[in-house]
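To start, the structure itself, in structure tokens.
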Amino acid sequence: MVTLLPIEIEGHTVMGVEVKLPKTTLLAVYTDRGYIMCGALDIGLLNQKLADRQIIAGRAVGVRTLEDLLEAPLESVTIEAEKWGIHPGLKGKEAVLRML
């Protein structure tokens with residue numbers, strides 16, 4: 001099942017996506033500029049094979065809900081995200097706000 005939810009963060013509406021798969025759930029919160037995602041996101045792939053796309057993204061591990069994703073510190077981020085002031089250790093919610 002795929003669920004798409006509007007999420008309010010400090011007066012801004014962003015979108016949350018939850019994809020329930022066998023034995024796992026994929027989680028993402030996105031804006032028009034970028035996104036944060038659960039541990040399934042391959043930051044290395046985005047930085048190496050897809051570098052020309054300049055994707056702004058961050059990865060949080062050990063999250064089970066969209067709320068967890070917003071509260072968790074990012075474990076890794078893309079090179080392009082770093083240019084936007086998004087870095088490992090930053091809370092997901094703060095990263096999303098910087099993507100607005």
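Going through the structure tokens in order, the chains are called A, B, and so on, while each chain numbers its residues from 1 and the ligands are numbered from 1 in the order shown.
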Excluding region 83-91 of chain A and its own-chain neighbours fewer than 3 positions away, which residues fall within 9 Å of it when counting only C-alpha atoms? Please give them as an MDAnalysis selection string. chainID A and resid 56:60 69:80 94:96 98:99
Export, as a compact mmCIF listing (two decimals), in the first residue's frame, the selected residues with N, CA, C and O atoms.
# COMPACT_ATOMS: atom_id res chain seq x y z
N ILE A 56 19.30 16.89 -4.12
CA ILE A 56 19.37 17.33 -2.72
C ILE A 56 18.62 16.28 -1.91
O ILE A 56 17.39 16.18 -2.01
N ALA A 57 19.34 15.48 -1.13
CA ALA A 57 18.70 14.40 -0.38
C ALA A 57 19.49 14.05 0.87
O ALA A 57 20.70 14.29 0.94
N GLY A 58 18.77 13.49 1.83
CA GLY A 58 19.39 13.02 3.06
C GLY A 58 18.80 11.69 3.48
O GLY A 58 17.65 11.37 3.13
N ARG A 59 19.57 10.93 4.24
CA ARG A 59 19.19 9.58 4.66
C ARG A 59 19.23 9.48 6.18
O ARG A 59 20.22 9.87 6.81
N ALA A 60 18.15 8.94 6.75
CA ALA A 60 18.10 8.65 8.18
C ALA A 60 17.88 7.15 8.34
O ALA A 60 17.10 6.55 7.60
N LEU A 69 11.19 9.89 10.94
CA LEU A 69 12.06 10.41 9.89
C LEU A 69 12.32 11.91 10.08
O LEU A 69 13.45 12.38 9.92
N LEU A 70 11.30 12.63 10.47
CA LEU A 70 11.46 14.07 10.68
C LEU A 70 12.26 14.39 11.93
O LEU A 70 12.94 15.42 11.99
N GLU A 71 12.21 13.53 12.93
CA GLU A 71 12.92 13.78 14.20
C GLU A 71 14.32 13.19 14.24
O GLU A 71 15.15 13.60 15.04
N ALA A 72 14.61 12.25 13.38
CA ALA A 72 15.91 11.56 13.40
C ALA A 72 17.02 12.42 12.82
O ALA A 72 16.79 13.21 11.90
N PRO A 73 18.24 12.25 13.33
CA PRO A 73 19.38 12.92 12.70
C PRO A 73 19.72 12.22 11.39
O PRO A 73 19.60 11.00 11.27
N LEU A 74 20.11 13.00 10.39
CA LEU A 74 20.49 12.40 9.11
C LEU A 74 21.82 11.68 9.27
O LEU A 74 22.75 12.19 9.89
N GLU A 75 21.90 10.51 8.71
CA GLU A 75 23.11 9.69 8.78
C GLU A 75 24.08 10.06 7.65
O GLU A 75 25.28 10.03 7.81
N SER A 76 23.51 10.42 6.49
CA SER A 76 24.33 10.82 5.34
C SER A 76 23.49 11.73 4.45
O SER A 76 22.27 11.70 4.49
N VAL A 77 24.19 12.54 3.64
CA VAL A 77 23.52 13.48 2.73
C VAL A 77 24.29 13.52 1.42
O VAL A 77 25.47 13.15 1.36
N THR A 78 23.64 14.01 0.40
CA THR A 78 24.31 14.16 -0.89
C THR A 78 25.22 15.39 -0.88
O THR A 78 25.08 16.28 -0.05
N ILE A 79 26.13 15.42 -1.82
CA ILE A 79 27.03 16.56 -1.98
C ILE A 79 26.21 17.83 -2.23
O ILE A 79 26.51 18.88 -1.68
N GLU A 80 25.17 17.71 -3.02
CA GLU A 80 24.33 18.87 -3.33
C GLU A 80 23.61 19.36 -2.07
O GLU A 80 23.45 20.57 -1.87
N GLU A 94 14.69 19.80 10.11
CA GLU A 94 15.51 20.95 9.78
C GLU A 94 16.01 20.87 8.34
O GLU A 94 16.08 21.88 7.64
N ALA A 95 16.35 19.68 7.89
CA ALA A 95 16.80 19.49 6.52
C ALA A 95 15.68 19.84 5.54
O ALA A 95 15.90 20.54 4.55
N VAL A 96 14.48 19.38 5.84
CA VAL A 96 13.33 19.66 4.97
C VAL A 96 13.09 21.17 4.90
O VAL A 96 12.85 21.72 3.83
N ARG A 98 15.22 23.49 5.10
CA ARG A 98 16.27 24.09 4.25
C ARG A 98 16.05 23.79 2.76
O ARG A 98 16.65 24.42 1.91
N MET A 99 15.18 22.83 2.49
CA MET A 99 14.88 22.48 1.09
C MET A 99 13.71 23.29 0.53
O MET A 99 13.36 23.15 -0.63
Of the listed residues A:Leu45, A:Glu82, A:Pro6, A:Gly16, that which approaches Asp68 (chain A) most closely, counting only C-alpha atoms: A:Gly16
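Comparing A:Val2, A:Val29, A:Val14, A:Ile55 by their smallest distance to Glu67 (chain A), the closest is A:Val29 (using only C-alpha atoms).
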What parts of chain A does DSSP call strand (DSSP E)? I'd like the answer as a PyMOL selection string. chain A and resi 2-9+12-21+24-30+34-37+56-59+76-77
Mind dumping the selected residues with N, CA and C atoms as a CSV table (one decimal), in the first residue's frame?
chain,number,residue,atom,x,y,z
A,2,VAL,N,0.5,2.3,-0.7
A,2,VAL,CA,1.2,3.5,-0.8
A,2,VAL,C,0.3,4.6,-0.2
A,3,THR,N,0.8,5.4,0.7
A,3,THR,CA,0.1,6.5,1.4
A,3,THR,C,0.9,7.7,1.1
A,4,LEU,N,0.2,8.8,0.7
A,4,LEU,CA,0.7,10.1,0.5
A,4,LEU,C,0.0,11.0,1.4
A,5,LEU,N,0.8,11.7,2.3
A,5,LEU,CA,0.2,12.6,3.3
A,5,LEU,C,0.8,14.0,3.3
A,6,PRO,N,0.0,15.0,3.3
A,6,PRO,CA,0.5,16.4,3.5
A,6,PRO,C,1.0,16.5,5.0
A,7,ILE,N,2.2,17.1,5.2
A,7,ILE,CA,2.7,17.3,6.5
A,7,ILE,C,3.0,18.8,6.7
A,8,GLU,N,2.6,19.3,7.8
A,8,GLU,CA,2.8,20.7,8.1
A,8,GLU,C,4.0,20.9,9.0
A,9,ILE,N,5.0,21.7,8.5
A,9,ILE,CA,6.2,22.0,9.3
A,9,ILE,C,6.4,23.5,9.3
A,12,HIS,N,4.6,25.5,6.7
A,12,HIS,CA,4.9,25.0,5.3
A,12,HIS,C,4.3,23.6,5.2
A,13,THR,N,3.7,23.3,4.0
A,13,THR,CA,3.2,22.0,3.7
A,13,THR,C,4.1,21.3,2.8
A,14,VAL,N,4.6,20.1,3.2
A,14,VAL,CA,5.4,19.2,2.4
A,14,VAL,C,4.7,17.9,2.3
A,15,MET,N,5.2,17.0,1.5
A,15,MET,CA,4.5,15.7,1.3
A,15,MET,C,5.3,14.5,1.9
A,16,GLY,N,4.6,13.6,2.6
A,16,GLY,CA,5.2,12.4,3.1
A,16,GLY,C,4.7,11.2,2.3
A,17,VAL,N,5.5,10.3,2.1
A,17,VAL,CA,5.2,9.1,1.3
A,17,VAL,C,5.6,7.9,2.2
A,18,GLU,N,4.7,6.9,2.3
A,18,GLU,CA,4.9,5.7,3.0
A,18,GLU,C,4.5,4.6,2.1
A,19,VAL,N,5.5,3.7,1.8
A,19,VAL,CA,5.3,2.5,0.9
A,19,VAL,C,5.5,1.3,1.7
A,20,LYS,N,4.4,0.6,2.0
A,20,LYS,CA,4.4,-0.7,2.8
A,20,LYS,C,4.8,-1.8,1.8
A,21,LEU,N,5.9,-2.5,2.0
A,21,LEU,CA,6.4,-3.6,1.3
A,21,LEU,C,6.5,-4.8,2.2
A,24,THR,N,9.2,-4.6,5.1
A,24,THR,CA,9.8,-3.2,5.2
A,24,THR,C,8.9,-2.2,4.8
A,25,THR,N,9.1,-0.9,5.2
A,25,THR,CA,8.3,0.2,4.8
A,25,THR,C,9.3,1.3,4.4
A,26,LEU,N,9.1,1.8,3.2
A,26,LEU,CA,9.9,2.9,2.7
A,26,LEU,C,9.2,4.2,3.1
A,27,LEU,N,10.0,5.1,3.6
A,27,LEU,CA,9.5,6.4,4.0
A,27,LEU,C,10.3,7.5,3.4
A,28,ALA,N,9.6,8.6,3.0
A,28,ALA,CA,10.2,9.8,2.4
A,28,ALA,C,9.4,11.0,2.7
A,29,VAL,N,10.0,12.1,2.8
A,29,VAL,CA,9.4,13.4,3.0
A,29,VAL,C,10.0,14.3,1.9
A,30,TYR,N,9.2,15.0,1.1
A,30,TYR,CA,9.8,15.7,0.0
A,30,TYR,C,9.2,17.1,-0.2
A,34,GLY,N,14.0,18.8,-2.9
A,34,GLY,CA,14.7,17.7,-2.4
A,34,GLY,C,13.9,16.8,-1.5
A,35,TYR,N,14.6,15.9,-0.9
A,35,TYR,CA,13.9,14.9,0.0
A,35,TYR,C,14.8,14.3,1.0
A,36,ILE,N,14.1,13.8,2.1
A,36,ILE,CA,14.8,12.9,3.0
A,36,ILE,C,14.1,11.6,3.0
A,37,MET,N,14.9,10.5,3.3
A,37,MET,CA,14.3,9.2,3.1
A,37,MET,C,14.9,8.3,4.2
A,56,ILE,N,19.3,16.9,-4.1
A,56,ILE,CA,19.4,17.3,-2.7
A,56,ILE,C,18.6,16.3,-1.9
A,57,ALA,N,19.3,15.5,-1.1
A,57,ALA,CA,18.7,14.4,-0.4
A,57,ALA,C,19.5,14.1,0.9
A,58,GLY,N,18.8,13.5,1.8
A,58,GLY,CA,19.4,13.0,3.1
A,58,GLY,C,18.8,11.7,3.5
A,59,ARG,N,19.6,10.9,4.2
A,59,ARG,CA,19.2,9.6,4.7
A,59,ARG,C,19.2,9.5,6.2
A,76,SER,N,23.5,10.4,6.5
A,76,SER,CA,24.3,10.8,5.3
A,76,SER,C,23.5,11.7,4.4
A,77,VAL,N,24.2,12.5,3.6
A,77,VAL,CA,23.5,13.5,2.7
A,77,VAL,C,24.3,13.5,1.4
By how many Å are CA of Cys38 (chain A) and CA of Gly92 (chain A) apart?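 Calculated distance between CA of Cys38 (chain A) and CA of Gly92 (chain A) is 10.2 Å.
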Can you list, as an MDAnalysis selection string, all residues belonging to chain A that DSSP tags as helix (DSSP H, G or I)? chainID A and resid 43:48 51:53 66:71 79:83 92:98
